[in-house]
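Below is the file final.cif, which contains mmCIF, N, CA and C atoms.
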```cif
data_protein
loop_
_atom_site.label_atom_id
_atom_site.label_comp_id
_atom_site.auth_asym_id
_atom_site.auth_seq_id
_atom_site.Cartn_x
_atom_site.Cartn_y
_atom_site.Cartn_z
N MET A 64 127.85 68.36 134.02
CA MET A 64 127.30 68.52 132.69
C MET A 64 126.57 69.87 132.62
N TYR A 65 126.69 70.55 131.47
CA TYR A 65 126.06 71.83 131.26
C TYR A 65 125.01 71.73 130.17
N LEU A 66 124.01 72.55 130.28
CA LEU A 66 122.95 72.61 129.27
C LEU A 66 123.12 73.92 128.51
N LEU A 67 123.24 73.83 127.22
CA LEU A 67 123.37 75.01 126.36
C LEU A 67 122.07 75.20 125.62
N GLU A 68 121.46 76.34 125.80
CA GLU A 68 120.22 76.66 125.11
C GLU A 68 120.52 77.69 124.03
N VAL A 69 120.17 77.41 122.78
CA VAL A 69 120.42 78.30 121.66
C VAL A 69 119.11 78.94 121.25
N SER A 70 119.12 80.27 121.15
CA SER A 70 117.91 81.01 120.76
C SER A 70 118.11 81.61 119.38
N ASN A 71 117.02 81.76 118.67
CA ASN A 71 117.03 82.41 117.37
C ASN A 71 117.04 83.91 117.60
N PRO A 72 118.08 84.63 117.13
CA PRO A 72 118.15 86.08 117.38
C PRO A 72 117.28 86.92 116.45
N VAL A 73 116.57 86.29 115.54
CA VAL A 73 115.76 87.04 114.58
C VAL A 73 114.34 87.17 115.13
N ALA A 74 113.92 88.40 115.33
CA ALA A 74 112.58 88.65 115.86
C ALA A 74 111.55 88.65 114.74
N THR A 75 110.35 88.29 115.08
CA THR A 75 109.25 88.35 114.13
C THR A 75 108.86 89.80 113.94
N GLN A 76 108.70 90.21 112.69
CA GLN A 76 108.34 91.59 112.40
C GLN A 76 106.94 91.87 112.91
N ARG A 77 106.79 92.98 113.60
CA ARG A 77 105.49 93.35 114.17
C ARG A 77 104.42 93.46 113.08
N GLY A 78 103.29 92.81 113.30
CA GLY A 78 102.13 92.98 112.45
C GLY A 78 102.23 92.37 111.06
N MET A 79 103.32 91.67 110.76
CA MET A 79 103.50 91.18 109.40
C MET A 79 103.39 89.66 109.28
N ILE A 80 103.09 88.98 110.35
CA ILE A 80 103.01 87.52 110.29
C ILE A 80 101.86 87.11 109.37
N ASN A 81 102.19 86.34 108.35
CA ASN A 81 101.22 85.79 107.41
C ASN A 81 100.40 86.84 106.66
N VAL A 82 100.88 88.06 106.56
CA VAL A 82 100.15 89.09 105.83
C VAL A 82 100.28 88.87 104.33
N LEU A 83 101.50 88.62 103.89
CA LEU A 83 101.76 88.45 102.47
C LEU A 83 102.46 87.13 102.20
N LYS A 84 102.11 86.52 101.13
CA LYS A 84 102.79 85.30 100.68
C LYS A 84 103.62 85.68 99.46
N PRO A 85 104.85 85.19 99.37
CA PRO A 85 105.67 85.53 98.20
C PRO A 85 105.10 84.91 96.93
N ASN A 86 105.25 85.61 95.83
CA ASN A 86 104.84 85.09 94.53
C ASN A 86 105.86 84.06 94.05
N ALA A 87 105.46 83.28 93.09
CA ALA A 87 106.38 82.32 92.48
C ALA A 87 107.51 83.07 91.78
N ARG A 88 108.70 82.51 91.82
CA ARG A 88 109.84 83.13 91.15
C ARG A 88 109.74 82.93 89.64
N PRO A 89 110.12 83.95 88.87
CA PRO A 89 110.14 83.76 87.42
C PRO A 89 111.28 82.82 87.04
N SER A 90 111.16 82.18 85.91
CA SER A 90 112.20 81.24 85.48
C SER A 90 113.48 81.97 85.08
N THR A 91 113.37 83.22 84.68
CA THR A 91 114.53 84.04 84.31
C THR A 91 114.20 85.50 84.57
N LEU A 92 115.24 86.31 84.66
CA LEU A 92 115.05 87.76 84.76
C LEU A 92 115.31 88.46 83.43
N ASP A 93 115.63 87.68 82.39
CA ASP A 93 115.83 88.25 81.07
C ASP A 93 114.58 89.04 80.66
N GLY A 94 114.78 90.31 80.24
CA GLY A 94 113.67 91.12 79.77
C GLY A 94 112.72 91.61 80.85
N LYS A 95 113.03 91.40 82.10
CA LYS A 95 112.14 91.78 83.20
C LYS A 95 112.53 93.15 83.76
N THR A 96 111.61 93.72 84.52
CA THR A 96 111.87 94.93 85.29
C THR A 96 111.98 94.52 86.75
N VAL A 97 113.13 94.84 87.35
CA VAL A 97 113.41 94.48 88.73
C VAL A 97 113.36 95.74 89.58
N GLY A 98 112.56 95.72 90.63
CA GLY A 98 112.49 96.84 91.56
C GLY A 98 113.38 96.57 92.76
N LEU A 99 114.12 97.58 93.17
CA LEU A 99 114.95 97.50 94.37
C LEU A 99 114.34 98.46 95.38
N LEU A 100 113.81 97.92 96.46
CA LEU A 100 113.07 98.70 97.45
C LEU A 100 113.89 98.85 98.72
N TRP A 101 114.30 100.07 99.00
CA TRP A 101 115.15 100.37 100.16
C TRP A 101 114.33 101.09 101.21
N SER A 102 114.43 100.63 102.44
CA SER A 102 113.66 101.22 103.54
C SER A 102 114.28 102.50 104.08
N GLY A 103 115.50 102.82 103.68
CA GLY A 103 116.18 103.99 104.20
C GLY A 103 117.17 103.67 105.30
N THR A 104 117.25 102.41 105.70
CA THR A 104 118.18 102.01 106.75
C THR A 104 119.61 102.06 106.22
N HIS A 105 120.53 102.50 107.07
CA HIS A 105 121.93 102.69 106.69
C HIS A 105 122.52 101.43 106.05
N GLY A 106 123.06 101.58 104.85
CA GLY A 106 123.75 100.50 104.16
C GLY A 106 122.88 99.68 103.22
N GLY A 107 121.57 99.73 103.38
CA GLY A 107 120.70 98.94 102.51
C GLY A 107 120.78 99.37 101.06
N ASP A 108 120.98 100.66 100.84
CA ASP A 108 121.09 101.17 99.47
C ASP A 108 122.33 100.62 98.78
N LEU A 109 123.42 100.48 99.53
CA LEU A 109 124.65 99.93 98.94
C LEU A 109 124.45 98.49 98.51
N ALA A 110 123.81 97.71 99.37
CA ALA A 110 123.55 96.30 99.04
C ALA A 110 122.64 96.18 97.83
N LEU A 111 121.59 96.98 97.79
CA LEU A 111 120.66 96.92 96.66
C LEU A 111 121.30 97.38 95.36
N ASN A 112 122.07 98.46 95.42
CA ASN A 112 122.75 98.92 94.20
C ASN A 112 123.68 97.85 93.65
N ARG A 113 124.40 97.18 94.53
CA ARG A 113 125.31 96.10 94.07
C ARG A 113 124.50 94.94 93.49
N ALA A 114 123.40 94.59 94.14
CA ALA A 114 122.55 93.52 93.62
C ALA A 114 122.03 93.89 92.23
N GLY A 115 121.64 95.15 92.03
CA GLY A 115 121.18 95.61 90.73
C GLY A 115 122.26 95.50 89.67
N GLU A 116 123.50 95.86 90.04
CA GLU A 116 124.62 95.74 89.09
C GLU A 116 124.84 94.28 88.69
N LEU A 117 124.82 93.39 89.66
CA LEU A 117 125.05 91.97 89.38
C LEU A 117 123.93 91.38 88.52
N ILE A 118 122.71 91.80 88.79
CA ILE A 118 121.57 91.32 87.98
C ILE A 118 121.72 91.78 86.54
N GLN A 119 122.11 93.05 86.34
CA GLN A 119 122.26 93.57 84.98
C GLN A 119 123.43 92.91 84.25
N GLU A 120 124.45 92.50 84.97
CA GLU A 120 125.57 91.79 84.35
C GLU A 120 125.17 90.38 83.92
N ARG A 121 124.30 89.76 84.68
CA ARG A 121 123.97 88.35 84.46
C ARG A 121 122.82 88.14 83.47
N TYR A 122 121.86 89.05 83.45
CA TYR A 122 120.66 88.84 82.62
C TYR A 122 120.59 89.87 81.50
N LYS A 123 119.89 89.51 80.43
CA LYS A 123 119.78 90.37 79.25
C LYS A 123 118.55 91.27 79.35
N ASN A 124 118.72 92.51 78.87
CA ASN A 124 117.61 93.46 78.76
C ASN A 124 116.83 93.64 80.06
N VAL A 125 117.53 93.71 81.18
CA VAL A 125 116.89 93.92 82.48
C VAL A 125 116.83 95.42 82.77
N THR A 126 115.69 95.86 83.22
CA THR A 126 115.53 97.23 83.69
C THR A 126 115.50 97.17 85.21
N VAL A 127 116.25 98.07 85.86
CA VAL A 127 116.28 98.11 87.32
C VAL A 127 115.74 99.47 87.78
N ASN A 128 114.71 99.44 88.60
CA ASN A 128 114.12 100.65 89.19
C ASN A 128 114.45 100.66 90.69
N PHE A 129 114.87 101.81 91.20
CA PHE A 129 115.21 101.94 92.61
C PHE A 129 114.13 102.76 93.31
N TYR A 130 113.63 102.23 94.43
CA TYR A 130 112.58 102.90 95.20
C TYR A 130 113.09 103.13 96.62
N THR A 131 112.86 104.34 97.12
CA THR A 131 113.25 104.66 98.49
C THR A 131 112.00 104.78 99.34
N GLY A 132 111.88 103.88 100.30
CA GLY A 132 110.72 103.88 101.19
C GLY A 132 110.78 104.96 102.24
N GLY A 133 111.99 105.39 102.62
CA GLY A 133 112.12 106.48 103.56
C GLY A 133 112.20 106.07 105.02
N ASN A 134 111.53 105.04 105.41
CA ASN A 134 111.64 104.52 106.77
C ASN A 134 111.18 103.08 106.80
N TYR A 135 111.38 102.44 107.94
CA TYR A 135 111.06 101.01 108.04
C TYR A 135 109.79 100.85 108.84
N PRO A 136 108.81 100.11 108.39
CA PRO A 136 108.76 99.51 107.05
C PRO A 136 108.43 100.56 106.00
N SER A 137 108.70 100.21 104.75
CA SER A 137 108.42 101.13 103.65
C SER A 137 106.92 101.42 103.60
N PRO A 138 106.56 102.66 103.30
CA PRO A 138 105.14 103.01 103.23
C PRO A 138 104.41 102.20 102.16
N PRO A 139 103.18 101.78 102.47
CA PRO A 139 102.41 100.98 101.50
C PRO A 139 102.30 101.58 100.11
N PRO A 140 102.15 102.91 99.94
CA PRO A 140 102.08 103.45 98.56
C PRO A 140 103.35 103.18 97.75
N ILE A 141 104.51 103.22 98.39
CA ILE A 141 105.78 102.95 97.68
C ILE A 141 105.85 101.47 97.32
N VAL A 142 105.46 100.62 98.25
CA VAL A 142 105.46 99.17 97.98
C VAL A 142 104.50 98.86 96.83
N LYS A 143 103.33 99.48 96.85
CA LYS A 143 102.33 99.26 95.79
C LYS A 143 102.86 99.74 94.44
N GLN A 144 103.50 100.91 94.41
CA GLN A 144 104.05 101.43 93.17
C GLN A 144 105.10 100.48 92.59
N ALA A 145 106.00 100.00 93.45
CA ALA A 145 107.03 99.06 93.00
C ALA A 145 106.39 97.79 92.45
N ALA A 146 105.39 97.28 93.13
CA ALA A 146 104.72 96.05 92.68
C ALA A 146 104.03 96.23 91.34
N GLU A 147 103.45 97.41 91.12
CA GLU A 147 102.73 97.67 89.86
C GLU A 147 103.68 97.89 88.69
N GLU A 148 104.86 98.47 88.96
CA GLU A 148 105.78 98.83 87.88
C GLU A 148 106.82 97.76 87.57
N CYS A 149 106.94 96.75 88.41
CA CYS A 149 108.02 95.78 88.26
C CYS A 149 107.50 94.35 88.21
N ASP A 150 108.29 93.49 87.56
CA ASP A 150 107.98 92.07 87.53
C ASP A 150 108.44 91.38 88.80
N VAL A 151 109.52 91.89 89.37
CA VAL A 151 110.14 91.33 90.58
C VAL A 151 110.58 92.49 91.46
N VAL A 152 110.39 92.37 92.77
CA VAL A 152 110.85 93.40 93.69
C VAL A 152 111.72 92.75 94.77
N ILE A 153 112.88 93.37 95.00
CA ILE A 153 113.81 92.93 96.04
C ILE A 153 113.85 94.04 97.08
N GLY A 154 113.60 93.70 98.32
CA GLY A 154 113.63 94.68 99.40
C GLY A 154 114.81 94.42 100.31
N ALA A 155 115.36 95.49 100.90
CA ALA A 155 116.49 95.30 101.79
C ALA A 155 116.56 96.39 102.85
N THR A 156 117.02 95.98 104.00
CA THR A 156 117.40 96.90 105.06
C THR A 156 118.79 96.46 105.50
N ALA A 157 119.52 97.33 106.13
CA ALA A 157 120.85 96.97 106.62
C ALA A 157 121.25 97.94 107.72
N ASP A 158 122.19 97.53 108.53
CA ASP A 158 122.76 98.38 109.58
C ASP A 158 124.18 97.99 109.81
#
```

Could you rewrite the structure in this file as structure tokens?
Amino acid sequence: MYLLEVSNPVATQRGMINVLKPNARPSTLDGKTVGLLWSGTHGGDLALNRAGELIQERYKNVTVNFYTGGNYPSPPPIVKQAAEECDVVIGATAD
């Protein structure tokens, strides 16, 4: 008999445990401003741009703002700007 041990390959982000709690989701994105926050990691911009297109197709009068953080994690001033200017912010990294 063999024992198989399965590990979670997702590491905990350094220094971010329990720092922020997500806000409640809005009931709709109609008429909202959605921020797309990209850390600068390869491919994340493509995913966010596509998400923005799909959101604009699905919801009415949605404004989409794109923010480039430049590196991972995104600098706090960029995150703060996105939070102040948008009703909802979606962040992404990719490789």

Inset, instruction - Expand the PyMOL selection byres ((chain A and resi 130-144) around 6.5) into the individual residues it matches in the shown file, reporting them as number ranges by chain. - result: A: 98-104, 128-129, 145-149

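In this model, the gap between atom CA of A:Leu109 and atom CA of A:Ser90 comes to 26.2 Å.
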
Legend entry - Exercise: A:Thr126 partners within 12 Å, only C-alpha atoms, chain neighbours under 6 positions left out, as a PyMOL selection string: chain A and resi 92-99+115-116+118-120+148-152

Legend entry - In stretch 68-136 of chain A, DSSP helix (DSSP H, G or I) residues written as a VMD selection string: chain A and resid 107 to 121

Legend entry - Atom pair atom C of A:Gly106 / atom C of A:Gly154: separation (Å):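 These atoms are spaced 10.1 Å apart.
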
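Taking atom CA of A:Tyr122 and atom CA of A:Thr91 as the two end points, the separation is 8.0 Å.
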